[in-house]
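Below you'll find the structure, written out as structure tokens, and then a few comments.
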Amino acid sequence: MKQKHIFGPVPSRRLGLSLGVDLLSFKTCTLDCAYCECGATTNKTTQRKEYVSTADIKAELAEILEQSPKLDYITFAGSGEPCLASNLGEVISYVKENWPTYKIAILTNATLIYDKTIQKEIALADLIVPSIDAVSQDVFEKINLPDTKLEIEKIISGLIEFSKKFEGDIWAEVFVVPGINDTNIELSKIKDVLQKINPKKVQLNSLDRPGTQSWVTKASEEALIAIANYLQPLIVEVASTIIRARNLSPLNTNREDMILNTIKRRPCTMADLEKVCNLKAIEINKYIRRLVHKKIIYSKIEERGEFLVFDNNAGNIEIAS
């Protein structure tokens, strides 16, 4: 079967070896974050619905998980906010009922976590990683460009409420945007919220791959360390730009499909693709040239090197077998 909604396993900076599950149509989100590595949001919404067939997701998961791959997490993430998918709870339950040894993680911007239905659906997860980039509405709007219905105060209250009853782990993520959310006033508010949530750890992140808006810059390591020290006694780690390499055996044997699915969900260097796909650069280049020629992807030079980026104008393109 050709995997369209399952990607990886990906050697994640945060989660180790992660198998991604994407329950959304391309770039559907409640936010249009200025730093997003997936590109601009093309469908900004707060409407929950079945964006991807539940039957298709289950079939793809079964095909992969019946091979008993070694994974640290099955991660619900991808091209938007996973809590927008109305079948999120059903798919999580399906995994837990059939492959209970696997841990489930959800990467969420937490914008809908005040919803009691969503709180119940994600309660079965082992790990929730919510983003907390802002506490002030003006900073929230500047960095995250939210749907007009969203209010940061309601989001924060819902996240604090959820954290008090969630039995799994919570790792909070703060994406630092220099000059915007690293002021003394905003950091003080973020620290206060983090202490109320009491996550197992806080991860500080900054620009590593090309963001959506060019004005977003990368925070220096010194600045991130200073913020980490300020947030003590919370346990804080600065996200490393080093991807932990592992000997991977790709579960998706359609190589062009695997490469495109990886780039579509996050810009990658050639070194990133070698690790994720367990292929040599000379072989990857064959597929990259074809994808560039078709104008499905393009290259972009950044501080960490040359990135291969999915062209949003290509839409939900499928690779011919």
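Every chain in the structure tokens has a letter given in the order shown (A, B, ...), and although residue numbers restart at 1 in each chain, ligands are simply numbered from 1 in the order shown.
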task = List the neighbours of A:Pro130 out to 6 Å using only C-alpha atoms; skip same-chain residues closer than 4 positions along the sequence, and give me the result as a list in words.
result =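 Contacts, with the query itself left out: Thr108, Asn109, Ala110 and Ala172 of chain A.
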message = At a cut-off of 12 Å, using only C-alpha atoms, what residues contact A:Lys295? Leave out same-chain residues fewer than 2 positions from it and give the result as a ChimeraX atom specification.
response = /A:288-293,297-299,308-315,317
List every residue of stretch 108-189 of chain A that has an atom at most 6 Å from any atom of stretch 31-43 of chain A, giving for each one its closest atom pair and the distance in Å to one decimal, counting only C-alpha atoms, sorted by chain and then by ascending residue number, as a Markdown table.
| residue | atom | partner | partner_atom | distance |
| --- | --- | --- | --- | --- |
| A:Ile143 | CA | A:Ala34 | CA | 5.6 |
| A:Asn144 | CA | A:Cys33 | CA | 4.0 |
| A:Leu145 | CA | A:Asp32 | CA | 5.1 |
| A:Pro146 | CA | A:Leu31 | CA | 4.3 |
message = I need the residue nearest A:Val174 from this list: A:Asp126, A:Glu161, A:Glu81, A:Asp133. Use only C-alpha atoms for the distance.
response = A:Asp133
request  = Taking the chain letters and numbering used in this document, name the residues of stretch 183-244 of chain A that DSSP puts in strand (DSSP E), as an MDAnalysis selection string.
outcome  = chainID A and resid 201:205 236:238
Restricted to C-alpha atoms, what would the selected residues look like written as a CSV table (one decimal), in the first residue's frame?
chain,number,residue,atom,x,y,z
A,201,LYS,CA,10.1,19.6,30.9
A,202,VAL,CA,10.2,22.7,28.8
A,203,GLN,CA,11.8,22.7,25.4
A,204,LEU,CA,13.1,26.0,23.9
A,205,ASN,CA,13.2,26.1,20.2
A,236,VAL,CA,14.4,23.4,30.6
A,237,GLU,CA,16.3,22.1,27.6
A,238,VAL,CA,17.4,23.9,24.5
message = Ranking A:Lys218, A:Glu151, A:Ile113, A:Ser79 by minimum distance to A:Phe166 and counting only C-alpha atoms, which one comes first?
response = A:Ile113
task = Rank A:Asn285, A:Thr212, A:Thr111, A:Asn181 by their smallest atom-to-atom distance to A:Thr148, using only C-alpha atoms, and report the top residue only.
result =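 Nearest candidate to A:Thr148 out of A:Asn285, A:Thr212, A:Thr111, A:Asn181: A:Thr111.
Of the residues under consideration (A:Arg265, A:Lys200, A:Arg14, A:Arg255), A:Arg255 shows the shortest atom-to-atom contact distance to A:Cys277 when counting only C-alpha atoms.
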request  = Using only C-alpha atoms, pick whichever of A:Lys4, A:Lys103, A:Lys120, A:Lys58 has the shortest atom-to-atom distance to A:Lys165.
outcome  =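 Of all the options, A:Lys120 lies closest to A:Lys165.
Shell of A:Lys280 at 10 Å, with only C-alpha atoms counted and residues fewer than 6 places along the chain excluded, is Met270, Ala271, Leu273 and Glu274 of chain A.
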Serialized selection, C-alpha atoms, as a short mmCIF file (atom, residue, chain, number, x, y, z; two decimals), in the first residue's frame:
data_model
loop_
_atom_site.label_atom_id
_atom_site.label_comp_id
_atom_site.auth_asym_id
_atom_site.auth_seq_id
_atom_site.Cartn_x
_atom_site.Cartn_y
_atom_site.Cartn_z
CA MET A 270 20.30 16.31 2.07
CA ALA A 271 21.87 15.09 5.32
CA LEU A 273 17.01 12.95 4.09
CA GLU A 274 19.92 10.50 4.24
#
